[in-house]
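Working notes, structure below.
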Amino acid sequence: MPVPSSWLVQFCTYGYISAFGVYQDFYTREFLSNYTASDVSWIGSFQLAMQYFPAVFVGRAFDAGYFHYTSIAGTILYVFSMMMLSLAQRGHYYQVFLSQGVGMGLAQGILFLPSLTIISHHFKRRRALATGIAGTGASAGGIVFPILLNRLFAGRIGFANGVRASGGIVGALLVLANLLMCTRMPPKAARGCSRREFVGAVVDAPYLASLAGAFFTTLGLFFPPFYMQLWSIEHGINTQLAFYTVAILNAGSVAGRLLPTFLADHLGVYNMIVPAIFASSVLLWAVFAAKSSAAVIVISVLFGFSSGAYTSLIPALLATLARNVAELGLRMGFAFSVVGVAMLVGTPIDGALLGKNFTWWRPIVFSAVCVLAGSVLMTVSRTMFMRERGGKQMV
């Protein structure tokens with residue numbers, strides 16, 4: 001059952017980190033108040049980057065047939081790290097960074113890629129749609145966890161017990177996912193790619209251009225998930241609504257992960273992902289206008305839709321660019337590792353540009369320009385790919 005199991009993994013990994021805006025706000029204003037917003041964002045960016053950095057190694061392990069071993073190891077490390085985070089002391093930055101940024105991030109990296117790659121083993125004709133359906137797990141987690149964590153942290157339960165409670169939920173769901181997941185190939189039946197195949201993947205022009213596009217897109221894409229709640233509070237938006245901005249954004253991504261992926265199977269992945277990236281850039285510029293409750297809701301929903309489409313279509317795009325099933329894990333792994341660099345530095349750059357005085361225009365412009373550059377590079381990749389295919393295929 002690849003799609004339900006992948007849905008659960010997406011819910012627990014990408015869905016949980018989509019709630020980092022709650023942590024960003026809580027750490028900046030209370031738990032780590034003696035540190036800057038940029039310092040705090042390094043925790044989330046490192047966690048997000050670690051979800052992608054190990055991908056090239058995890059991808060090779062997947063191709064070699066060690067899927068279940070890595071999934072079990074990732075589950076154990078994830079729950080353990082969450083329990084360690086619950087023991088972190090107020091004002092002790094290194095404790096939070098090690099448990100959440102390093103531990104949880106590495107565990108998510110071990111779990112995330114295989115849960116997507118396994119879909120490409122089972123689906124070809126409806127691959128984009130299947131990936132999109134599984135990706136709604138991330139959206140669902142991004143709705144549930146921000147609401148849950150905000151209520152737990154602000155209520156009588158508090159930070160420590162709130163993290164433990166969410167860790168219990170994550171652990172139970174990941175155990176179920178491990179029981180449901182299976183590969184199409186038996187363990188160790190699939191071989192890893194040779195060095196020659198690896199070099200062939202790296203020097204492939206459309207693949208390289210798409211990597212560059214994904215890098216710049218990702219560099220600017222995570223400003224709203226990380227900072228929209230803080231933006232809303234600082235601009236006088238109703239506090240109760242501000243606490244729901246991350247959840248609203250992720251609610252919008254549900255449709256974004258479904259409709260464009262469905263259309264991609266008929267119209268081509270490139271024809272869906274390029275407009276999604278461009279729309280995300282436009283909506284980042286629109287954040288300047290988000291100074292009322294209605295504007296925050298509309299921009300959050302629309303940005304959730306466009307960014308959700310992008311994140312769901314990237315795995316399908318990489319699968320389209322792969323020449324055979326055997327190199328899927330390697331190609332996705334290498335791509336996700338490159339994207340991980342953008343995830344690592346993107347939001348800390350936003351935080352540094354924001355500064356202690358909250359100069360909002362600087363991170364907004366930076367993010368919008370980066371995403372716009374990503375859409376241009378992805379268009380270049382599409383043009384190269386069409387030339388290779390003779391322009392006879394929907395892309």
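Chain labels run A, B, ... following the order of the structure tokens; each chain numbers its residues from 1, and ligands are numbered from 1 in the order shown.
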Within 7 Å of segment 126-147 of chain A, which residues of segment 18-95 of chain A show up? Give each one with its shortest atom-to-atom distance in Å (one decimal) and the two atoms involved, counting only C-alpha atoms, rows by chain then rising residue number, as CSV.
residue,atom,partner,partner_atom,distance
A:Ser18,CA,A:Gly142,CA,5.1
A:Ala19,CA,A:Pro146,CA,4.8
A:Val22,CA,A:Pro146,CA,6.1
Name all residues at most 10 Å from Val338 of chain A (count only C-alpha atoms; drop same-chain ones fewer than 6 positions away) and give them as a PyMOL selection string. chain A and resi 49+52-53+55-56+211-212+214-215+332
Among listed residues A:Val163, A:Ile297, A:Val170, A:Leu318, nearest Ala247 of chain A (using only C-alpha atoms): A:Ile297
Write down as a ChimeraX atom specification the residues of segment 30-117 of chain A whose backbone DSSP state falls under alpha helix (DSSP H). /A:37-50,55-63,67-86,93-96,105-117
Identify which of the residues A:Leu208, A:Met378, A:Ile277, A:Ile349 lies closest to Gly308 of chain A, counting only C-alpha atoms when measuring atom-to-atom distances. A:Ile277
Closest contacts (segment 62-95 of chain A/segment 4-13 of chain A, max 12 Å, only C-alpha atoms) as a Markdown table:
| residue | atom | partner | partner_atom | distance |
| --- | --- | --- | --- | --- |
| A:Ser71 | CA | A:Val9 | CA | 9.8 |
| A:Ile72 | CA | A:Val9 | CA | 11.9 |
| A:Gly74 | CA | A:Thr13 | CA | 10.6 |
| A:Thr75 | CA | A:Val9 | CA | 9.7 |
| A:Tyr78 | CA | A:Thr13 | CA | 9.2 |
| A:Val79 | CA | A:Cys12 | CA | 10.6 |
| A:Met82 | CA | A:Cys12 | CA | 11.9 |
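You can rank A:Ala294, A:Leu283, A:Leu113, A:Ala160 by their closest distance to Tyr14 of chain A using only C-alpha atoms, and at the top of that list sits A:Leu113.
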